[in-house]
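Shown next: coords07.cif, given as mmCIF, C-alpha atoms.
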data_model
loop_
_atom_site.group_PDB
_atom_site.id
_atom_site.type_symbol
_atom_site.label_atom_id
_atom_site.label_comp_id
_atom_site.auth_asym_id
_atom_site.auth_seq_id
_atom_site.Cartn_x
_atom_site.Cartn_y
_atom_site.Cartn_z
ATOM 1 C CA MET A 1 9.729 4.190 -18.109
ATOM 2 C CA LYS A 2 11.505 2.549 -15.242
ATOM 3 C CA ASN A 3 15.252 2.988 -15.075
ATOM 4 C CA GLN A 4 16.317 -0.655 -15.240
ATOM 5 C CA SER A 5 19.925 0.037 -14.207
ATOM 6 C CA LEU A 6 18.750 1.736 -11.026
ATOM 7 C CA LYS A 7 16.188 -0.975 -10.389
ATOM 8 C CA GLN A 8 18.899 -3.620 -10.443
ATOM 9 C CA GLU A 9 20.595 -1.887 -7.512
ATOM 10 C CA LEU A 10 17.501 -2.307 -5.335
ATOM 11 C CA VAL A 11 16.571 -5.350 -3.305
ATOM 12 C CA SER A 12 13.518 -7.191 -4.615
ATOM 13 C CA THR A 13 10.516 -5.497 -3.026
ATOM 14 C CA ALA A 14 6.916 -6.382 -3.826
ATOM 15 C CA GLY A 15 4.159 -3.828 -3.622
ATOM 16 C CA ILE A 16 0.888 -5.051 -2.084
ATOM 17 C CA ILE A 17 -2.181 -2.829 -2.371
ATOM 18 C CA LEU A 18 -4.884 -3.685 0.157
ATOM 19 C CA ALA A 19 -8.258 -3.081 -1.475
ATOM 20 C CA ALA A 20 -10.523 -5.699 0.087
ATOM 21 C CA GLY A 21 -11.822 -3.731 3.049
ATOM 22 C CA LYS A 22 -15.534 -3.279 3.782
ATOM 23 C CA ALA A 23 -15.354 0.535 4.071
ATOM 24 C CA SER A 24 -17.724 0.364 7.038
ATOM 25 C CA ARG A 25 -17.080 3.976 8.069
ATOM 26 C CA MET A 26 -17.837 5.251 4.558
ATOM 27 C CA GLY A 27 -20.907 3.058 4.058
ATOM 28 C CA ARG A 28 -20.169 2.506 0.343
ATOM 29 C CA ASP A 29 -17.377 1.296 -1.911
ATOM 30 C CA LYS A 30 -15.018 4.216 -1.459
ATOM 31 C CA LEU A 31 -12.246 2.862 -3.681
ATOM 32 C CA SER A 32 -14.407 3.249 -6.789
ATOM 33 C CA LEU A 33 -15.284 6.873 -5.993
ATOM 34 C CA PRO A 34 -14.046 9.334 -8.635
ATOM 35 C CA PHE A 35 -10.966 11.453 -8.057
ATOM 36 C CA ARG A 36 -9.201 13.358 -10.832
ATOM 37 C CA GLY A 37 -11.233 11.481 -13.420
ATOM 38 C CA LYS A 38 -10.350 7.982 -12.181
ATOM 39 C CA PRO A 39 -11.468 5.624 -9.411
ATOM 40 C CA MET A 40 -9.618 6.506 -6.216
ATOM 41 C CA LEU A 41 -7.851 3.149 -6.159
ATOM 42 C CA GLN A 42 -6.486 3.609 -9.685
ATOM 43 C CA HIS A 43 -4.151 6.383 -8.545
ATOM 44 C CA ILE A 44 -2.229 4.232 -6.088
ATOM 45 C CA ILE A 45 -2.124 1.391 -8.635
ATOM 46 C CA ASN A 46 -0.658 3.719 -11.267
ATOM 47 C CA ALA A 47 1.924 5.121 -8.866
ATOM 48 C CA ALA A 48 3.017 1.630 -7.816
ATOM 49 C CA LYS A 49 3.231 0.340 -11.399
ATOM 50 C CA ALA A 50 5.391 3.308 -12.412
ATOM 51 C CA SER A 51 7.773 2.781 -9.499
ATOM 52 C CA MET A 52 10.760 0.481 -9.136
ATOM 53 C CA LEU A 53 8.818 -2.139 -7.161
ATOM 54 C CA SER A 54 9.579 -5.636 -8.433
ATOM 55 C CA THR A 55 5.887 -6.611 -8.601
ATOM 56 C CA VAL A 56 2.519 -5.078 -7.757
ATOM 57 C CA THR A 57 -0.195 -7.208 -6.157
ATOM 58 C CA VAL A 58 -3.735 -5.889 -5.701
ATOM 59 C CA VAL A 59 -5.854 -7.642 -3.072
ATOM 60 C CA LEU A 60 -9.567 -7.458 -3.919
ATOM 61 C CA PRO A 61 -12.726 -8.922 -2.356
ATOM 62 C CA GLU A 62 -14.748 -11.651 -4.001
ATOM 63 C CA ASN A 63 -17.104 -10.584 -6.792
ATOM 64 C CA SER A 64 -15.764 -7.054 -6.757
ATOM 65 C CA GLU A 65 -16.923 -4.582 -9.402
ATOM 66 C CA LEU A 66 -13.516 -2.956 -9.096
ATOM 67 C CA GLN A 67 -12.089 -5.468 -11.563
ATOM 68 C CA ASN A 68 -14.462 -4.094 -14.184
ATOM 69 C CA ILE A 69 -13.490 -0.450 -13.800
ATOM 70 C CA LEU A 70 -9.769 -0.565 -13.030
ATOM 71 C CA ASN A 71 -6.766 -0.842 -15.311
ATOM 72 C CA LEU A 72 -4.947 -3.747 -13.681
ATOM 73 C CA ASP A 73 -2.544 -4.483 -16.533
ATOM 74 C CA GLY A 74 0.780 -5.642 -15.136
ATOM 75 C CA CYS A 75 -0.646 -6.334 -11.668
ATOM 76 C CA GLU A 76 -1.087 -9.639 -9.893
ATOM 77 C CA ILE A 77 -4.635 -10.033 -8.581
ATOM 78 C CA VAL A 78 -5.341 -11.839 -5.312
ATOM 79 C CA ILE A 79 -8.877 -12.449 -4.069
ATOM 80 C CA CYS A 80 -9.424 -12.229 -0.318
ATOM 81 C CA ARG A 81 -12.151 -14.734 0.526
ATOM 82 C CA ASN A 82 -12.213 -14.162 4.289
ATOM 83 C CA ARG A 83 -12.402 -10.399 4.577
ATOM 84 C CA ASP A 84 -15.226 -10.642 7.129
ATOM 85 C CA LYS A 85 -12.597 -11.874 9.602
ATOM 86 C CA GLY A 86 -10.842 -8.512 9.458
ATOM 87 C CA GLN A 87 -8.085 -6.586 7.706
ATOM 88 C CA ALA A 88 -5.449 -9.144 8.626
ATOM 89 C CA GLU A 89 -6.950 -11.576 6.103
ATOM 90 C CA SER A 90 -6.408 -9.158 3.225
ATOM 91 C CA PHE A 91 -2.901 -8.441 4.488
ATOM 92 C CA LYS A 92 -2.026 -12.138 4.684
ATOM 93 C CA ALA A 93 -3.550 -12.952 1.301
ATOM 94 C CA GLY A 94 -1.242 -10.433 -0.348
ATOM 95 C CA LEU A 95 1.789 -11.566 1.611
ATOM 96 C CA HIS A 96 1.212 -15.248 0.782
ATOM 97 C CA ASN A 97 1.308 -14.304 -2.900
ATOM 98 C CA ILE A 98 4.856 -12.922 -2.810
ATOM 99 C CA LYS A 99 6.546 -14.338 0.295
ATOM 100 C CA ASP A 100 8.837 -16.748 -1.532
ATOM 101 C CA ARG A 101 10.100 -14.314 -4.158
ATOM 102 C CA ALA A 102 10.756 -10.967 -2.500
ATOM 103 C CA GLN A 103 13.163 -9.592 0.087
ATOM 104 C CA GLY A 104 10.587 -7.093 1.245
ATOM 105 C CA ALA A 105 6.917 -6.231 0.973
ATOM 106 C CA MET A 106 5.613 -2.665 0.796
ATOM 107 C CA PHE A 107 1.982 -2.485 1.929
ATOM 108 C CA PHE A 108 -0.312 0.218 0.553
ATOM 109 C CA LEU A 109 -3.803 1.269 1.588
ATOM 110 C CA GLY A 110 -6.166 1.629 -1.350
ATOM 111 C CA ASP A 111 -7.602 4.896 -0.046
ATOM 112 C CA GLN A 112 -4.428 6.991 -0.297
ATOM 113 C CA PRO A 113 -4.654 8.401 -3.837
ATOM 114 C CA LEU A 114 -2.046 11.137 -3.314
ATOM 115 C CA ILE A 115 0.928 8.810 -2.872
ATOM 116 C CA THR A 116 3.375 9.392 -5.721
ATOM 117 C CA THR A 117 5.873 7.231 -7.546
ATOM 118 C CA ASP A 118 8.689 9.452 -6.244
ATOM 119 C CA THR A 119 7.653 8.739 -2.656
ATOM 120 C CA ILE A 120 7.493 4.995 -3.324
ATOM 121 C CA ASP A 121 10.960 4.991 -4.887
ATOM 122 C CA ARG A 122 12.420 7.014 -2.024
ATOM 123 C CA LEU A 123 11.104 4.455 0.453
ATOM 124 C CA LEU A 124 12.471 1.669 -1.759
ATOM 125 C CA TRP A 125 15.954 3.189 -1.713
ATOM 126 C CA ALA A 126 15.845 3.454 2.072
ATOM 127 C CA PHE A 127 14.816 -0.187 2.391
ATOM 128 C CA SER A 128 17.518 -1.317 -0.033
ATOM 129 C CA GLN A 129 20.156 0.395 2.106
ATOM 130 C CA GLU A 130 19.038 -1.527 5.211
ATOM 131 C CA PRO A 131 16.917 -4.496 4.076
ATOM 132 C CA GLN A 132 16.821 -5.938 7.583
ATOM 133 C CA CYS A 133 14.816 -2.919 8.762
ATOM 134 C CA TRP A 134 11.173 -2.082 8.521
ATOM 135 C CA VAL A 135 10.653 1.221 6.701
ATOM 136 C CA ALA A 136 7.891 3.791 7.151
ATOM 137 C CA PRO A 137 7.376 7.403 6.050
ATOM 138 C CA VAL A 138 7.261 10.130 8.691
ATOM 139 C CA GLN A 139 6.354 13.809 8.738
ATOM 140 C CA GLU A 140 6.475 16.070 11.798
ATOM 141 C CA GLY A 141 6.415 13.064 14.097
ATOM 142 C CA MET A 142 3.464 11.416 12.345
ATOM 143 C CA ARG A 143 4.048 7.968 10.851
ATOM 144 C CA GLY A 144 2.238 7.073 7.648
ATOM 145 C CA ASN A 145 1.888 4.403 4.969
ATOM 146 C CA PRO A 146 3.121 2.451 3.072
ATOM 147 C CA ILE A 147 5.042 0.314 5.542
ATOM 148 C CA THR A 148 7.752 -1.995 4.196
ATOM 149 C CA ILE A 149 8.367 -5.329 5.929
ATOM 150 C CA PRO A 150 11.616 -7.285 5.476
ATOM 151 C CA SER A 151 11.332 -10.941 4.534
ATOM 152 C CA GLY A 152 12.720 -12.054 7.883
ATOM 153 C CA TRP A 153 9.415 -10.938 9.420
ATOM 154 C CA PHE A 154 7.062 -12.505 6.870
ATOM 155 C CA GLU A 155 6.277 -15.621 8.909
ATOM 156 C CA LYS A 156 5.531 -13.565 12.015
ATOM 157 C CA ALA A 157 3.307 -11.257 9.965
ATOM 158 C CA LEU A 158 1.351 -14.238 8.652
ATOM 159 C CA GLU A 159 0.291 -15.025 12.238
ATOM 160 C CA LEU A 160 -1.730 -11.799 12.521
ATOM 161 C CA GLU A 161 -5.443 -12.118 13.175
ATOM 162 C CA GLY A 162 -8.431 -9.796 13.341
ATOM 163 C CA ASP A 163 -9.037 -6.281 12.103
ATOM 164 C CA THR A 164 -5.443 -5.130 11.932
ATOM 165 C CA GLY A 165 -2.527 -4.691 9.604
ATOM 166 C CA ALA A 166 1.145 -4.948 10.467
ATOM 167 C CA ARG A 167 1.259 -2.087 12.960
ATOM 168 C CA PRO A 168 0.957 -4.284 16.101
ATOM 169 C CA LEU A 169 4.235 -5.933 15.166
ATOM 170 C CA LEU A 170 6.084 -2.609 15.289
ATOM 171 C CA ALA A 171 6.304 -2.934 19.076
ATOM 172 C CA SER A 172 8.003 -6.331 18.832
ATOM 173 C CA PRO A 173 11.337 -6.764 20.658
ATOM 174 C CA GLY A 174 14.275 -6.591 18.317
ATOM 175 C CA LEU A 175 12.394 -4.910 15.494
ATOM 176 C CA ALA A 176 14.453 -2.278 13.688
ATOM 177 C CA LEU A 177 12.418 0.547 12.150
ATOM 178 C CA ARG A 178 13.823 3.120 9.757
ATOM 179 C CA LEU A 179 11.729 6.282 9.421
ATOM 180 C CA VAL A 180 12.064 8.218 6.171
ATOM 181 C CA ARG A 181 11.086 11.872 6.148
ATOM 182 C CA ILE A 182 8.598 12.522 3.355
ATOM 183 C CA HIS A 183 7.461 16.069 2.598
ATOM 184 C CA GLU A 184 4.488 15.126 0.414
ATOM 185 C CA VAL A 185 1.029 14.712 1.941
ATOM 186 C CA GLY A 186 0.237 11.377 0.247
ATOM 187 C CA PRO A 187 1.430 8.909 2.918
ATOM 188 C CA PHE A 188 -0.433 10.782 5.645
ATOM 189 C CA LEU A 189 -3.845 11.311 4.066
ATOM 190 C CA ASP A 190 -6.396 8.531 3.730
ATOM 191 C CA VAL A 191 -10.137 8.597 3.109
ATOM 192 C CA ASP A 192 -12.260 6.771 5.682
ATOM 193 C CA THR A 193 -15.428 8.892 5.766
ATOM 194 C CA ASP A 194 -17.573 10.849 3.356
ATOM 195 C CA ILE A 195 -16.425 14.077 5.005
ATOM 196 C CA GLU A 196 -12.806 13.140 4.312
ATOM 197 C CA TYR A 197 -13.715 12.332 0.710
ATOM 198 C CA GLN A 198 -15.347 15.732 0.262
ATOM 199 C CA GLN A 199 -12.253 17.378 1.746
ATOM 200 C CA LEU A 200 -10.079 15.437 -0.683
ATOM 201 C CA LEU A 201 -12.144 16.723 -3.610
ATOM 202 C CA LYS A 202 -12.163 20.279 -2.291
ATOM 203 C CA ASN A 203 -8.437 20.481 -1.580
ATOM 204 C CA TYR A 204 -6.859 18.293 -4.251
ATOM 205 C CA ASP A 205 -9.226 17.278 -7.065
ATOM 206 C CA ALA A 206 -8.557 20.370 -9.189
ATOM 207 C CA LYS A 207 -4.784 20.058 -8.822
ATOM 208 C CA SER A 208 -2.728 18.149 -11.364
ATOM 209 C CA ALA A 209 -2.020 14.522 -10.564
#

Whole structure, structure tokens version:
Amino acid sequence: MKNQSLKQELVSTAGIILAAGKASRMGRDKLSLPFRGKPMLQHIINAAKASMLSTVTVVLPENSELQNILNLDGCEIVICRNRDKGQAESFKAGLHNIKDRAQGAMFFLGDQPLITTDTIDRLLWAFSQEPQCWVAPVQEGMRGNPITIPSGWFEKALELEGDTGARPLLASPGLALRLVRIHEVGPFLDVDTDIEYQQLLKNYDAKSA
């Protein structure tokens, strides 16, 4: 159960889970692949719902079978109708859904099933301390996901086009980025290929969630 008193101390931050990609490198719908007895995407949904995020939005493609196999209770569902134009369309669809009611947006990739609620809440606390800053996890010099964007950058983010997320904006003049050291592997491991999926199963499937 969420600690409501702690949650009230945080700035309003919406979680947006990007799950409308075409998985072209995998060649099949990777987000429905089983991991620890659930579809891969379900793990990041569960972690986000259990966190102190103000809302959780899941961006799905049109006519997706994912809606039939996922537990989406408590989530806001957004359908990305232009995913063929690239990742930016999924990103913008999620951001449009929350832009007028959140001070920040934390963007998740659907293929990172090892991200935990504790990691999400740690990033939330960091953002709440400096809500004018972007926030990203880091480990041994490697930056990961989710990335949190302050509301002052929403309009600029909505101008993105093509097969990209928010990362191109990180080089913008005047952008303040706060890096939060995370010791868990979750923010730095995603599954783009079948080989990576097999490695995920081999190294982590038998371990407790």

Q: Would you work out the distance separating atom CA of A:Ser128 from atom CA of A:His43, expressed in Å to one decimal?
A: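 Interatomic distance, atom CA of A:Ser128 to atom CA of A:His43: 24.5 Å.
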
message = Taking the file as I've supplied it (selection: the PyMOL selection byres ((chain A and resi 114-117) around 10)), which residues are included? Please answer as a PyMOL selection string.
response = chain A and resi 40+43-53+108-109+111-113+118-123+145-146+184-190+200+204+209

A straight line from atom CA of A:Leu60 to atom CA of A:Gly152 spans 25.6 Å

Between A:Leu158, A:Ala126, A:Ile147, A:Leu179, which one has atoms that come closest to A:Glu9, using only C-alpha atoms?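 Nearest candidate to A:Glu9 out of A:Leu158, A:Ala126, A:Ile147, A:Leu179: A:Ala126.
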
Point-to-point distance in Å for atom CA of A:Trp125 and atom CA of A:Lys156: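 Atom CA of A:Lys156 sits 24.0 Å away from atom CA of A:Trp125.
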
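For the choices A:Ala20, A:Leu31, A:Ile69, A:Leu124, the atom-to-atom distance to A:Arg81 is smallest for A:Ala20 when using only C-alpha atoms.
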
Check your understanding: If I put a ball of radius 9 Å at (13.5, -6.7, -2.4) in the file's coordinates, which residues poke into it when counting all atoms listed in the file, written as an MDAnalysis selection string?
Key -> chainID A and resid 10:14 53:54 101:105 124 127:128 131 150:151

Residues within 6 Å of (4.1, -5.2, -12.8), file coords, only C-alpha atoms, listed as number ranges by chain:
A: 49, 55-56, 74-75

Could you list, as a list in words, every residue matched by the PyMOL selection byres ((chain A and resi 62) around 7) in this structure? Leu60, Pro61, Asn63, Ser64, Ile79, Cys80 and Arg81 of chain A

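Here, the PyMOL selection byres ((chain A and resi 32) around 12) matches Ala19, Ala20, Ala23, Arg28, Asp29, Lys30, Leu31, Leu33, Pro34, Phe35, Gly37, Lys38, Pro39, Met40, Leu41, Gln42, His43, Ser64, Glu65, Leu66, Gln67, Asn68, Ile69, Leu70, Gly110, Asp111, Pro113 and Tyr197 of chain A.
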
task = Mind checking which residues fall within 7 Å of A:Thr148, counting only C-alpha atoms, ignoring those fewer than 4 positions away in the same chain, and posting them as a VMD selection string?
result = chain A and resid 104 to 107 134 to 136

Of A:Val59, A:Cys133, A:Ile77, A:Ala88, the one sitting nearest A:Asp163 when using all atoms listed in the file is A:Ala88

May I ask which of the residues A:Asp73, A:Val58, A:Trp153, A:Asn203 is the closest one to A:Gly174, counting all atoms listed in the file?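 Checking each of A:Asp73, A:Val58, A:Trp153, A:Asn203 against A:Gly174, counting all atoms listed in the file, the winner is A:Trp153.
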
Completed stretch 112-146 of chain A (N, CA and C atoms) as a PDB file, in the frame of the given file:
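What landed in result.pdb:
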ATOM      1  N   GLN A 112      -5.419   5.923  -0.388  1.00  0.00           N
ATOM      2  CA  GLN A 112      -4.428   6.991  -0.297  1.00  0.00           C
ATOM      3  C   GLN A 112      -4.011   7.420  -1.712  1.00  0.00           C
ATOM      4  N   PRO A 113      -4.891   8.117  -2.415  1.00  0.00           N
ATOM      5  CA  PRO A 113      -4.654   8.401  -3.837  1.00  0.00           C
ATOM      6  C   PRO A 113      -3.586   9.448  -4.117  1.00  0.00           C
ATOM      7  N   LEU A 114      -3.044  10.099  -3.088  1.00  0.00           N
ATOM      8  CA  LEU A 114      -2.046  11.137  -3.314  1.00  0.00           C
ATOM      9  C   LEU A 114      -0.611  10.632  -3.188  1.00  0.00           C
ATOM     10  N   ILE A 115      -0.435   9.360  -2.913  1.00  0.00           N
ATOM     11  CA  ILE A 115       0.928   8.810  -2.872  1.00  0.00           C
ATOM     12  C   ILE A 115       1.506   8.804  -4.285  1.00  0.00           C
ATOM     13  N   THR A 116       2.737   9.268  -4.406  1.00  0.00           N
ATOM     14  CA  THR A 116       3.375   9.392  -5.721  1.00  0.00           C
ATOM     15  C   THR A 116       4.439   8.326  -5.941  1.00  0.00           C
ATOM     16  N   THR A 117       4.796   8.149  -7.191  1.00  0.00           N
ATOM     17  CA  THR A 117       5.873   7.231  -7.546  1.00  0.00           C
ATOM     18  C   THR A 117       7.185   7.662  -6.906  1.00  0.00           C
ATOM     19  N   ASP A 118       7.448   8.958  -6.857  1.00  0.00           N
ATOM     20  CA  ASP A 118       8.689   9.452  -6.244  1.00  0.00           C
ATOM     21  C   ASP A 118       8.777   9.051  -4.776  1.00  0.00           C
ATOM     22  N   THR A 119       7.664   9.145  -4.061  1.00  0.00           N
ATOM     23  CA  THR A 119       7.653   8.739  -2.656  1.00  0.00           C
ATOM     24  C   THR A 119       7.923   7.246  -2.519  1.00  0.00           C
ATOM     25  N   ILE A 120       7.268   6.449  -3.366  1.00  0.00           N
ATOM     26  CA  ILE A 120       7.493   4.995  -3.324  1.00  0.00           C
ATOM     27  C   ILE A 120       8.959   4.672  -3.554  1.00  0.00           C
ATOM     28  N   ASP A 121       9.560   5.285  -4.564  1.00  0.00           N
ATOM     29  CA  ASP A 121      10.960   4.991  -4.887  1.00  0.00           C
ATOM     30  C   ASP A 121      11.906   5.460  -3.782  1.00  0.00           C
ATOM     31  N   ARG A 122      11.573   6.556  -3.130  1.00  0.00           N
ATOM     32  CA  ARG A 122      12.420   7.014  -2.024  1.00  0.00           C
ATOM     33  C   ARG A 122      12.388   6.000  -0.880  1.00  0.00           C
ATOM     34  N   LEU A 123      11.206   5.473  -0.592  1.00  0.00           N
ATOM     35  CA  LEU A 123      11.104   4.455   0.453  1.00  0.00           C
ATOM     36  C   LEU A 123      11.821   3.164   0.041  1.00  0.00           C
ATOM     37  N   LEU A 124      11.759   2.844  -1.246  1.00  0.00           N
ATOM     38  CA  LEU A 124      12.471   1.669  -1.759  1.00  0.00           C
ATOM     39  C   LEU A 124      13.978   1.795  -1.572  1.00  0.00           C
ATOM     40  N   TRP A 125      14.515   2.973  -1.878  1.00  0.00           N
ATOM     41  CA  TRP A 125      15.954   3.189  -1.713  1.00  0.00           C
ATOM     42  C   TRP A 125      16.350   3.028  -0.249  1.00  0.00           C
ATOM     43  N   ALA A 126      15.543   3.572   0.644  1.00  0.00           N
ATOM     44  CA  ALA A 126      15.845   3.454   2.072  1.00  0.00           C
ATOM     45  C   ALA A 126      15.844   1.997   2.505  1.00  0.00           C
ATOM     46  N   PHE A 127      14.868   1.230   2.032  1.00  0.00           N
ATOM     47  CA  PHE A 127      14.816  -0.187   2.391  1.00  0.00           C
ATOM     48  C   PHE A 127      16.006  -0.944   1.813  1.00  0.00           C
ATOM     49  N   SER A 128      16.398  -0.624   0.606  1.00  0.00           N
ATOM     50  CA  SER A 128      17.518  -1.317  -0.033  1.00  0.00           C
ATOM     51  C   SER A 128      18.829  -1.060   0.699  1.00  0.00           C
ATOM     52  N   GLN A 129      18.944   0.092   1.343  1.00  0.00           N
ATOM     53  CA  GLN A 129      20.156   0.395   2.106  1.00  0.00           C
ATOM     54  C   GLN A 129      20.233  -0.429   3.392  1.00  0.00           C
ATOM     55  N   GLU A 130      19.077  -0.741   3.975  1.00  0.00           N
ATOM     56  CA  GLU A 130      19.038  -1.527   5.211  1.00  0.00           C
ATOM     57  C   GLU A 130      17.885  -2.527   5.133  1.00  0.00           C
ATOM     58  N   PRO A 131      18.029  -3.578   4.317  1.00  0.00           N
ATOM     59  CA  PRO A 131      16.917  -4.496   4.076  1.00  0.00           C
ATOM     60  C   PRO A 131      16.529  -5.371   5.252  1.00  0.00           C
ATOM     61  N   GLN A 132      17.226  -5.240   6.368  1.00  0.00           N
ATOM     62  CA  GLN A 132      16.821  -5.938   7.583  1.00  0.00           C
ATOM     63  C   GLN A 132      15.859  -5.098   8.407  1.00  0.00           C
ATOM     64  N   CYS A 133      15.661  -3.850   8.010  1.00  0.00           N
ATOM     65  CA  CYS A 133      14.816  -2.919   8.762  1.00  0.00           C
ATOM     66  C   CYS A 133      13.429  -2.777   8.140  1.00  0.00           C
ATOM     67  N   TRP A 134      12.458  -2.569   8.984  1.00  0.00           N
ATOM     68  CA  TRP A 134      11.173  -2.082   8.521  1.00  0.00           C
ATOM     69  C   TRP A 134      11.366  -0.620   8.104  1.00  0.00           C
ATOM     70  N   VAL A 135      10.552  -0.169   7.164  1.00  0.00           N
ATOM     71  CA  VAL A 135      10.653   1.221   6.701  1.00  0.00           C
ATOM     72  C   VAL A 135       9.262   1.836   6.682  1.00  0.00           C
ATOM     73  N   ALA A 136       9.164   3.072   7.173  1.00  0.00           N
ATOM     74  CA  ALA A 136       7.891   3.791   7.151  1.00  0.00           C
ATOM     75  C   ALA A 136       8.155   5.269   6.902  1.00  0.00           C
ATOM     76  N   PRO A 137       7.238   5.951   6.240  1.00  0.00           N
ATOM     77  CA  PRO A 137       7.376   7.403   6.050  1.00  0.00           C
ATOM     78  C   PRO A 137       6.985   8.151   7.314  1.00  0.00           C
ATOM     79  N   VAL A 138       7.585   9.320   7.525  1.00  0.00           N
ATOM     80  CA  VAL A 138       7.261  10.130   8.691  1.00  0.00           C
ATOM     81  C   VAL A 138       7.274  11.604   8.294  1.00  0.00           C
ATOM     82  N   GLN A 139       6.425  12.368   8.969  1.00  0.00           N
ATOM     83  CA  GLN A 139       6.354  13.809   8.738  1.00  0.00           C
ATOM     84  C   GLN A 139       5.916  14.479  10.038  1.00  0.00           C
ATOM     85  N   GLU A 140       6.771  15.343  10.562  1.00  0.00           N
ATOM     86  CA  GLU A 140       6.475  16.070  11.798  1.00  0.00           C
ATOM     87  C   GLU A 140       6.007  15.131  12.918  1.00  0.00           C
ATOM     88  N   GLY A 141       6.707  14.009  13.034  1.00  0.00           N
ATOM     89  CA  GLY A 141       6.415  13.064  14.097  1.00  0.00           C
ATOM     90  C   GLY A 141       5.261  12.121  13.821  1.00  0.00           C
ATOM     91  N   MET A 142       4.599  12.289  12.685  1.00  0.00           N
ATOM     92  CA  MET A 142       3.464  11.416  12.345  1.00  0.00           C
ATOM     93  C   MET A 142       3.921  10.344  11.366  1.00  0.00           C
ATOM     94  N   ARG A 143       3.674   9.082  11.714  1.00  0.00           N
ATOM     95  CA  ARG A 143       4.048   7.968  10.851  1.00  0.00           C
ATOM     96  C   ARG A 143       2.908   7.662   9.890  1.00  0.00           C
ATOM     97  N   GLY A 144       3.260   7.342   8.645  1.00  0.00           N
ATOM     98  CA  GLY A 144       2.238   7.073   7.648  1.00  0.00           C
ATOM     99  C   GLY A 144       2.411   5.732   6.968  1.00  0.00           C
ATOM    100  N   ASN A 145       1.807   5.600   5.806  1.00  0.00           N
ATOM    101  CA  ASN A 145       1.888   4.403   4.969  1.00  0.00           C
ATOM    102  C   ASN A 145       2.385   4.804   3.585  1.00  0.00           C
ATOM    103  N   PRO A 146       3.012   3.899   2.856  1.00  0.00           N
ATOM    104  CA  PRO A 146       3.121   2.451   3.072  1.00  0.00           C
ATOM    105  C   PRO A 146       4.231   2.066   4.048  1.00  0.00           C
TER     106      PRO A 146
END
